[in-house]
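Structure data follow from entry37.txt (compact mmCIF, C-alpha atoms):
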```
# COMPACT_ATOMS: atom_id res chain seq x y z
CA MET A 1 15.22 24.33 16.22
CA PRO A 2 17.86 25.87 18.60
CA PHE A 3 20.26 23.00 17.84
CA ILE A 4 19.79 23.46 14.09
CA VAL A 5 20.29 27.21 14.39
CA VAL A 6 23.54 26.80 16.34
CA PHE A 7 24.91 24.28 13.86
CA LEU A 8 23.96 26.34 10.79
CA LEU A 9 25.26 29.59 12.26
CA ALA A 10 28.66 28.06 13.04
CA PHE A 11 28.74 26.32 9.67
CA GLY A 12 27.90 29.52 7.78
CA LEU A 13 30.42 31.62 9.70
CA SER A 14 33.17 29.09 9.10
CA LEU A 15 32.27 28.84 5.42
CA LEU A 16 32.61 32.63 5.09
CA LEU A 17 35.59 33.20 7.38
CA THR A 18 37.87 30.45 6.06
CA PRO A 19 38.50 32.10 2.64
CA LEU A 20 39.30 35.35 4.46
CA ALA A 21 41.72 33.52 6.73
CA ARG A 22 43.31 31.95 3.67
CA GLN A 23 43.87 35.36 2.08
CA TRP A 24 45.23 36.97 5.23
CA GLY A 25 47.56 34.08 5.94
CA LEU A 26 49.19 34.43 2.53
CA ARG A 27 49.31 38.22 2.87
CA LEU A 28 50.92 38.12 6.32
CA GLY A 29 53.34 35.32 5.49
CA LEU A 30 51.66 32.84 7.86
CA ALA A 31 51.85 30.04 5.34
CA ASP A 32 53.47 26.65 4.75
CA ALA A 33 55.73 26.27 1.75
CA PRO A 34 56.35 22.79 0.31
CA ALA A 35 58.88 20.78 2.35
CA PRO A 36 60.06 17.14 2.43
CA ARG A 37 57.96 16.25 5.49
CA ARG A 38 54.83 18.04 4.27
CA VAL A 39 52.42 16.46 1.86
CA HIS A 40 51.08 19.53 0.04
CA THR A 41 52.67 20.95 -3.10
CA GLY A 42 51.68 24.63 -2.95
CA THR A 43 52.02 27.39 -0.39
CA LEU A 44 49.04 27.20 1.98
CA SER A 45 47.79 29.67 4.59
CA ARG A 46 48.08 28.49 8.19
CA LEU A 47 45.27 30.76 9.46
CA GLY A 48 42.47 28.26 8.98
CA GLY A 49 42.45 27.66 12.72
CA VAL A 50 41.53 31.29 13.34
CA ALA A 51 38.41 30.82 11.20
CA LEU A 52 37.52 27.72 13.23
CA TYR A 53 38.00 29.58 16.50
CA LEU A 54 36.02 32.65 15.42
CA ALA A 55 33.12 30.64 13.98
CA PHE A 56 32.82 28.64 17.20
CA THR A 57 33.29 31.57 19.57
CA LEU A 58 30.91 33.93 17.75
CA THR A 59 28.26 31.22 17.68
CA VAL A 60 28.60 30.58 21.42
CA LEU A 61 28.42 34.31 22.14
CA ALA A 62 25.25 34.50 20.01
CA THR A 63 23.62 31.88 22.25
CA LEU A 64 24.49 34.03 25.26
CA ALA A 65 23.10 37.15 23.58
CA PHE A 66 19.71 35.51 22.99
CA PRO A 67 19.26 33.22 26.01
CA ALA A 68 15.48 32.96 25.66
CA PHE A 69 15.82 31.10 22.36
CA PHE A 70 18.20 28.40 23.64
CA PRO A 71 17.84 25.69 26.32
CA ALA A 72 18.45 26.96 29.83
CA SER A 73 21.17 25.45 31.99
CA ARG A 74 20.32 23.29 35.00
CA ASP A 75 23.87 23.40 36.37
CA PRO A 76 24.94 26.50 38.34
CA ASN A 77 28.59 25.79 37.42
CA GLU A 78 27.96 25.64 33.68
CA ALA A 79 28.65 29.37 33.17
CA THR A 80 32.04 28.98 34.89
CA ARG A 81 32.95 26.09 32.63
CA LEU A 82 31.86 28.01 29.55
CA ILE A 83 34.03 30.97 30.51
CA GLY A 84 36.95 28.61 31.03
CA LEU A 85 36.35 27.02 27.62
CA LEU A 86 36.38 30.42 25.89
CA ILE A 87 39.39 31.75 27.82
CA GLY A 88 41.38 28.56 27.31
CA SER A 89 40.52 28.50 23.60
CA THR A 90 41.69 32.09 23.21
CA VAL A 91 44.98 31.40 25.03
CA VAL A 92 45.87 28.35 22.93
CA VAL A 93 44.90 30.09 19.66
CA ILE A 94 47.17 33.05 20.48
CA PHE A 95 50.00 30.66 21.31
CA GLY A 96 49.32 28.72 18.11
CA LEU A 97 49.63 31.91 16.07
CA LEU A 98 53.00 32.57 17.70
CA ASP A 99 54.06 29.04 16.84
CA ASP A 100 52.86 29.47 13.25
CA ARG A 101 54.97 32.62 12.98
CA LEU A 102 58.08 31.65 14.96
CA GLN A 103 58.16 27.82 14.66
CA LEU A 104 58.74 27.42 18.40
CA PRO A 105 60.59 24.42 19.88
CA ALA A 106 58.88 21.65 21.82
CA TRP A 107 59.09 23.00 25.38
CA PRO A 108 56.76 26.02 24.85
CA GLN A 109 54.18 23.65 23.39
CA ALA A 110 54.38 21.47 26.50
CA LEU A 111 54.12 24.58 28.66
CA VAL A 112 50.96 25.87 26.95
CA GLN A 113 49.38 22.42 27.33
CA VAL A 114 49.95 22.63 31.09
CA VAL A 115 48.56 26.17 31.15
CA ALA A 116 45.50 25.01 29.20
CA GLY A 117 44.95 22.21 31.70
CA LEU A 118 45.27 24.63 34.62
CA ILE A 119 42.69 26.93 33.01
CA GLY A 120 40.40 23.93 32.73
CA ILE A 121 40.87 22.99 36.37
CA ALA A 122 40.37 26.58 37.55
CA SER A 123 37.07 26.73 35.64
CA LEU A 124 35.84 23.40 37.06
CA ILE A 125 36.64 21.39 33.92
CA PHE A 126 38.42 18.44 35.52
CA ILE A 127 38.13 14.66 35.81
CA LYS A 128 36.93 13.73 39.31
CA HIS A 129 35.30 10.35 38.62
CA VAL A 130 35.98 7.44 36.29
CA ASN A 131 33.58 4.52 36.59
CA ASN A 132 34.72 0.92 36.92
CA PRO A 133 33.07 -0.86 33.93
CA PHE A 134 32.64 -4.08 35.95
CA THR A 135 30.93 -2.58 39.00
CA ASN A 136 29.63 0.74 37.63
CA GLN A 137 31.11 2.37 40.73
CA PRO A 138 33.63 5.22 40.54
CA PHE A 139 37.28 4.42 41.15
CA GLY A 140 38.36 6.00 44.43
CA GLY A 141 34.94 5.67 46.04
CA ALA A 142 31.88 7.90 46.00
CA ASP A 143 34.01 11.04 46.41
CA GLY A 144 36.12 10.17 43.38
CA PHE A 145 39.87 10.60 43.08
CA ALA A 146 41.99 12.50 45.56
CA TRP A 147 42.79 16.01 44.37
CA PRO A 148 46.45 15.40 43.47
CA ILE A 149 45.28 12.59 41.17
CA VAL A 150 42.53 14.83 39.76
CA TRP A 151 45.11 17.47 38.86
CA LEU A 152 47.53 15.01 37.26
CA LEU A 153 44.80 13.16 35.39
CA THR A 154 43.25 16.37 34.06
CA LEU A 155 46.58 17.85 32.97
CA PHE A 156 47.44 14.57 31.23
CA TRP A 157 44.02 14.60 29.56
CA PHE A 158 44.43 18.11 28.11
CA ALA A 159 48.04 17.54 27.05
CA GLY A 160 47.17 14.19 25.50
CA MET A 161 44.23 15.54 23.51
CA MET A 162 46.15 18.58 22.27
CA ASN A 163 49.08 16.42 21.19
CA THR A 164 46.78 13.90 19.55
CA VAL A 165 45.07 16.51 17.37
CA ASN A 166 48.34 18.33 16.67
CA TRP A 167 50.07 15.15 15.54
CA LEU A 168 47.00 13.99 13.64
CA ASP A 169 47.06 17.16 11.54
CA GLY A 170 49.32 15.70 8.87
CA LEU A 171 47.02 15.05 5.90
CA ASP A 172 44.37 17.20 4.26
CA GLY A 173 41.14 17.03 6.23
CA LEU A 174 42.32 14.35 8.66
CA ALA A 175 42.25 16.21 11.99
CA ALA A 176 39.19 18.27 11.05
CA GLY A 177 37.14 15.25 9.97
CA VAL A 178 38.02 13.20 13.04
CA ALA A 179 37.16 16.20 15.24
CA ALA A 180 33.77 16.45 13.50
CA ILE A 181 33.04 12.79 14.25
CA PHE A 182 34.04 13.37 17.88
CA CYS A 183 31.68 16.37 18.16
CA LEU A 184 28.81 14.39 16.65
CA VAL A 185 29.32 11.50 19.07
CA VAL A 186 29.67 13.76 22.12
CA ALA A 187 26.55 15.75 21.17
CA GLY A 188 24.67 12.49 20.64
CA HIS A 189 25.81 11.26 24.04
CA MET A 190 24.68 14.48 25.74
CA LEU A 191 21.23 14.34 24.13
CA LEU A 192 20.54 10.60 23.95
CA ARG A 193 22.50 8.97 26.79
CA ALA A 194 22.85 11.54 29.54
CA GLU A 195 20.27 11.47 32.35
CA PRO A 196 18.81 14.05 32.22
CA PRO A 197 19.80 15.15 28.69
CA GLN A 198 22.42 17.92 28.68
CA THR A 199 20.49 20.12 26.27
CA SER A 200 22.30 23.38 27.05
CA VAL A 201 25.81 21.88 26.98
CA ALA A 202 25.03 20.01 23.74
CA LEU A 203 24.98 23.36 21.95
CA LEU A 204 28.79 23.50 22.31
CA PRO A 205 29.79 20.36 20.37
CA LEU A 206 27.14 21.24 17.77
CA ALA A 207 28.69 24.70 17.37
CA LEU A 208 32.14 23.14 17.00
CA LEU A 209 30.75 20.56 14.57
CA GLY A 210 29.34 23.34 12.38
CA ALA A 211 32.62 25.27 12.49
CA VAL A 212 34.66 22.21 11.50
CA LEU A 213 32.31 21.17 8.69
CA GLY A 214 32.34 24.71 7.31
CA PHE A 215 36.15 24.59 7.28
CA LEU A 216 36.45 21.09 5.84
CA PRO A 217 35.53 21.88 2.19
CA TYR A 218 38.62 24.11 2.02
CA ASN A 219 40.81 21.68 3.94
CA PHE A 220 39.88 18.37 2.30
CA ASN A 221 42.27 17.07 -0.32
CA PRO A 222 43.38 18.98 -2.29
CA SER A 223 43.35 21.62 0.43
CA SER A 224 43.57 25.36 -0.13
CA VAL A 225 44.14 26.21 3.55
CA ILE A 226 45.39 24.40 6.66
CA MET A 227 44.45 24.93 10.29
CA GLY A 228 48.02 25.49 11.50
CA SER A 229 49.09 25.22 15.11
CA SER A 230 46.35 27.65 16.18
CA GLY A 231 43.67 25.33 14.83
CA ALA A 232 45.27 22.12 16.09
CA PHE A 233 45.73 23.46 19.63
CA PHE A 234 42.24 24.98 19.63
CA LEU A 235 40.60 21.74 18.50
CA GLY A 236 42.65 19.69 20.96
CA PHE A 237 41.74 21.94 23.88
CA ALA A 238 38.07 22.16 22.87
CA LEU A 239 37.72 18.38 22.43
CA ALA A 240 39.39 17.76 25.80
CA ALA A 241 37.08 20.25 27.53
CA LEU A 242 33.92 19.03 25.80
CA GLY A 243 34.76 15.43 26.65
CA ILE A 244 34.79 16.38 30.34
CA MET A 245 31.78 18.70 30.14
CA GLY A 246 29.90 15.86 28.47
CA GLY A 247 30.36 13.71 31.56
CA ALA A 248 34.00 12.63 31.13
CA ARG A 249 32.94 9.39 29.48
CA VAL A 250 36.44 8.06 28.99
CA ALA A 251 35.26 4.98 27.09
CA THR A 252 33.33 7.18 24.63
CA VAL A 253 36.34 9.38 23.93
CA LEU A 254 38.68 6.41 23.59
CA LEU A 255 36.31 4.66 21.20
CA VAL A 256 36.21 7.69 18.89
CA LEU A 257 39.87 8.68 19.12
CA GLY A 258 41.38 5.29 19.92
CA LEU A 259 43.41 4.97 16.72
CA PRO A 260 44.94 8.49 16.83
CA ILE A 261 45.65 8.18 20.57
CA LEU A 262 47.37 4.81 20.14
CA ASP A 263 49.37 6.22 17.23
CA VAL A 264 50.66 8.97 19.56
CA ALA A 265 51.54 6.42 22.26
CA TRP A 266 53.20 4.17 19.67
CA LEU A 267 55.27 7.07 18.30
CA ILE A 268 56.42 8.20 21.73
CA TRP A 269 57.44 4.66 22.66
CA ARG A 270 59.36 4.07 19.41
CA ARG A 271 61.08 7.45 19.52
CA VAL A 272 62.17 7.08 23.15
CA ARG A 273 63.31 3.49 22.55
CA SER A 274 65.51 4.66 19.70
CA GLY A 275 67.02 7.43 21.81
CA ARG A 276 65.11 10.31 20.21
CA SER A 277 62.97 12.97 21.82
CA PRO A 278 59.22 12.26 21.80
CA TYR A 279 58.91 15.58 19.93
CA HIS A 280 61.38 14.51 17.25
CA SER A 281 59.92 15.65 13.93
CA SER A 282 59.76 12.93 11.28
CA ARG A 283 57.52 11.02 8.90
CA ASP A 284 56.85 8.13 11.27
CA HIS A 285 53.18 8.85 11.95
CA LEU A 286 50.80 6.13 10.83
CA HIS A 287 49.25 8.33 8.14
CA HIS A 288 52.71 9.19 6.78
CA ARG A 289 53.69 5.52 6.67
CA LEU A 290 50.49 4.63 4.83
CA LEU A 291 51.13 7.47 2.39
CA ASP A 292 54.65 6.20 1.71
CA LEU A 293 53.23 2.70 1.15
CA GLY A 294 51.23 3.98 -1.80
CA PHE A 295 47.83 4.83 -0.35
CA SER A 296 46.36 8.15 -1.44
CA GLN A 297 45.57 10.94 1.01
CA ARG A 298 41.84 10.50 0.43
CA GLN A 299 42.00 6.73 1.00
CA ILE A 300 43.86 7.19 4.30
CA VAL A 301 41.64 10.01 5.53
CA LEU A 302 38.41 8.19 4.65
CA ALA A 303 39.71 5.03 6.36
CA TYR A 304 40.38 7.05 9.52
CA TYR A 305 36.88 8.53 9.30
CA ALA A 306 35.33 5.07 8.95
CA PHE A 307 37.38 3.66 11.84
CA CYS A 308 36.52 6.54 14.21
CA ALA A 309 32.85 6.66 13.16
CA LEU A 310 32.38 2.90 13.57
CA PHE A 311 33.68 2.78 17.13
CA GLY A 312 32.12 6.15 17.96
CA GLY A 313 28.76 4.76 16.91
CA LEU A 314 29.22 1.89 19.34
CA ALA A 315 29.58 4.45 22.13
CA ILE A 316 26.17 5.90 21.28
CA PHE A 317 24.11 2.86 20.39
CA ILE A 318 25.49 0.32 22.87
CA ASN A 319 24.58 0.91 26.49
CA SER A 320 26.40 -2.01 28.12
CA ARG A 321 29.68 -0.93 29.70
CA LEU A 322 31.11 -4.43 29.39
CA ILE A 323 30.39 -4.51 25.66
CA LYS A 324 32.04 -1.10 25.34
CA LEU A 325 35.05 -2.48 27.18
CA LEU A 326 35.12 -5.41 24.76
CA ALA A 327 34.87 -2.97 21.85
CA LEU A 328 37.81 -1.03 23.31
CA GLY A 329 39.83 -4.23 23.44
CA ILE A 330 38.99 -5.05 19.82
CA LEU A 331 39.83 -1.49 18.80
CA GLY A 332 43.17 -1.72 20.57
CA LEU A 333 44.06 -5.01 18.88
CA LEU A 334 43.07 -3.71 15.44
CA ALA A 335 44.96 -0.46 15.95
CA PHE A 336 48.13 -2.19 17.15
CA ALA A 337 47.92 -4.64 14.24
CA VAL A 338 47.75 -1.75 11.77
CA LEU A 339 50.55 0.15 13.53
CA TRP A 340 52.81 -2.90 13.63
CA TRP A 341 52.13 -3.74 9.97
CA ALA A 342 52.78 -0.17 8.81
CA ALA A 343 55.99 0.04 10.86
CA ALA A 344 57.24 -3.28 9.49
CA ALA A 345 56.32 -2.43 5.90
CA ARG A 346 57.93 1.03 6.03
CA PRO A 347 60.78 1.18 8.56
CA ASP A 348 62.02 4.43 10.09
CA SER A 349 64.95 4.43 7.71
CA ALA A 350 62.65 4.83 4.71
CA PRO A 351 62.96 8.01 2.61
CA GLY A 352 61.34 11.00 4.24
CA SER A 353 62.06 9.95 7.82
CA HIS A 354 64.09 12.90 9.04
CA THR A 355 64.11 15.90 11.27
CA ASP A 356 63.22 19.35 9.97
CA THR A 357 62.68 22.80 11.43
CA GLY A 358 58.90 22.87 11.10
CA THR A 359 56.28 22.53 13.79
CA GLN A 360 57.13 19.67 16.12
CA LYS A 361 54.74 16.84 15.38
```

Exercise: express the given structure as structure tokens:
Amino acid sequence: MPFIVVFLLAFGLSLLLTPLARQWGLRLGLADAPAPRRVHTGTLSRLGGVALYLAFTLTVLATLAFPAFFPASRDPNEATRLIGLLIGSTVVVIFGLLDDRLQLPAWPQALVQVVAGLIGIASLIFIKHVNNPFTNQPFGGADGFAWPIVWLLTLFWFAGMMNTVNWLDGLDGLAAGVAAIFCLVVAGHMLLRAEPPQTSVALLPLALLGAVLGFLPYNFNPSSVIMGSSGAFFLGFALAALGIMGGARVATVLLVLGLPILDVAWLIWRRVRSGRSPYHSSRDHLHHRLLDLGFSQRQIVLAYYAFCALFGGLAIFINSRLIKLLALGILGLLAFAVLWWAAAARPDSAPGSHTDTGTQK
């Protein structure tokens, strides 16, 4: 019952708050007008991310206000991590609102990603251990990585997740739906695979799942509101933090987000190779290429959902680490095959591949 209550509360809040965010975004001028690199045809509010943030945060605060009704924590550091999650979420949402208003260049985005990672580290949300799939022993020994590696790995993790969600937010419902699948898989891992089950921490991905699913009816094609930079940075930070709080199961995260992560890596490599900045703004994302090849937004988004859900399901229902490693290899081959085919079928010189003054993605 507590899990259902958390999900429904976040879902209901998001369902109610998103139309308000849509109205206020249009009223305050925080909106996206049609542009060559954007796929929507009307002017859409960019305040959807605020509704996501408020629905999640208010739900989490409700669990703190009524602690007797929800599972108690077994970890004395859990409160510290929760505070870090809420503070970090607030910081990146405020920055995202500034970006939505001012259309900031790339370097402030990189800076806030570092700040978000530092907030995570300060609140004990960091990656200390990564298990070797062949020996089931942590790399770096029983004590895990040395602290300089922990810092670099954690900062890279937060920056990578925030960039992945930010760059994924290019079609109606794409980033939100993939985030929902991630939350479902992480919650399932906490409740079904963790020993002992992480019942108190599992409330967090369920709250985020409810918030995202309450937002998605307004954001799915044809959308009436978008999450903006505030929503993309919030989701990226929250997914990065929840992935670590759920045990930092790197294989699980990579199985769910493998395609979007490889798309980011592919884009950075191609842009740098051609002498452009990694933050160069153009229609060379995989979803943009597929759109230019004639696929509809719904076809592309549903294909992403299916891809992420299929491999995310493997993370839950397959216990063997070697089989998960094999699944990761298959995922990588499939993803690279799709990326190579899309790049060959629609080269960078195709119409729509250009730089504009919008958010750097």

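The nearest approach to A:Ile300 among the residues A:Leu331, A:Ile323, A:Asp172, A:Gly236, with all atoms listed in the file taken into account, belongs to A:Asp172.
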
inquiry  = I'd like the interatomic distance between atom CA of A:Ile318 and atom CA of A:Gly258, to a tenth of an Å.
reply    = 16.9 Å

query = Interatomic distance between atom CA of A:Leu153 and atom CA of A:Lys128?
reply = 8.8 Å

message = So that I can check the surroundings of stretch 183-191 of chain A, please list as number ranges by chain every protein, DNA and RNA residue that reaches within 8 Å of it, counting all atoms listed in the file and ignoring chain neighbours fewer than 3 positions away.
response = A: 179-180, 194, 197-199, 201-203, 205-206, 208-209, 239, 242-243, 246, 252, 256, 312-313, 315-316

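If only C-alpha atoms are the atoms counted, then among A:Phe311, A:Tyr304, A:Tyr218, A:Trp340 the closest residue to A:Arg270 is A:Trp340.
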
Within 9 Å of stretch 221-231 of chain A, which residues of stretch 38-95 of chain A come that close, and what is the closest atom pair and distance in Å for each? Count all atoms listed in the file and give it as CSV.
```
residue,atom,partner,partner_atom,distance
A:His40,CA,A:Ser223,CA,8.0
A:Gly42,CA,A:Ser224,CA,8.6
A:Thr43,CA,A:Ser224,CA,8.7
A:Leu44,CA,A:Val225,CA,5.2
A:Ser45,CA,A:Val225,CA,5.1
A:Arg46,CA,A:Gly228,CA,4.5
A:Leu47,CA,A:Met227,CA,5.9
A:Gly48,CA,A:Met227,CA,4.1
A:Gly49,CA,A:Gly231,CA,3.4
A:Val50,CA,A:Gly231,CA,6.5
A:Ala51,CA,A:Gly231,CA,8.4
A:Leu52,CA,A:Gly231,CA,6.8
A:Tyr53,CA,A:Gly231,CA,7.3
A:Val92,CA,A:Ser230,CA,6.8
A:Val93,CA,A:Ser230,CA,4.5
A:Ile94,CA,A:Ser230,CA,7.0
A:Phe95,CA,A:Ser230,CA,7.0
```

Extract, using all atoms listed in the file, all DNA, RNA and protein residues at most 6 Å from stretch 78-88 of chain A, discarding same-chain residues fewer than 3 positions from it, and format them as a CSV table (one decimal) with C-alpha atoms, keeping the file's coordinate frame.
```
chain,number,residue,atom,x,y,z
A,75,ASP,CA,23.9,23.4,36.4
A,91,VAL,CA,45.0,31.4,25.0
A,116,ALA,CA,45.5,25.0,29.2
A,123,SER,CA,37.1,26.7,35.6
A,124,LEU,CA,35.8,23.4,37.1
```

query = What does the distance from atom CA of A:Gly329 to atom CA of A:Pro196 come to in Å, to one decimal?
reply = 29.2 Å

query = Which residues, protein or nucleic acid, reach to within 8 Å of (22.8, 27.3, 29.3) in the file's coordinates when using all atoms listed in the file, and can you give that as a ChimeraX atom specification?
reply = /A:67,70-74,78-79,200-201

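Nearest residue to A:Arg298, choosing from A:Leu171, A:Leu216, A:Ala207, A:Val272 and counting all atoms listed in the file: A:Leu171.
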
inquiry  = Nearest residue to A:Phe336 out of A:Arg276, A:Leu28, A:Pro260, A:Ala303, using all atoms listed in the file?
reply    = A:Pro260

ask   = So, counting all atoms listed in the file, which residue among A:Ala309, A:Leu262, A:Ser277, A:Ala343 is closest to A:Leu293?
value = A:Ala343
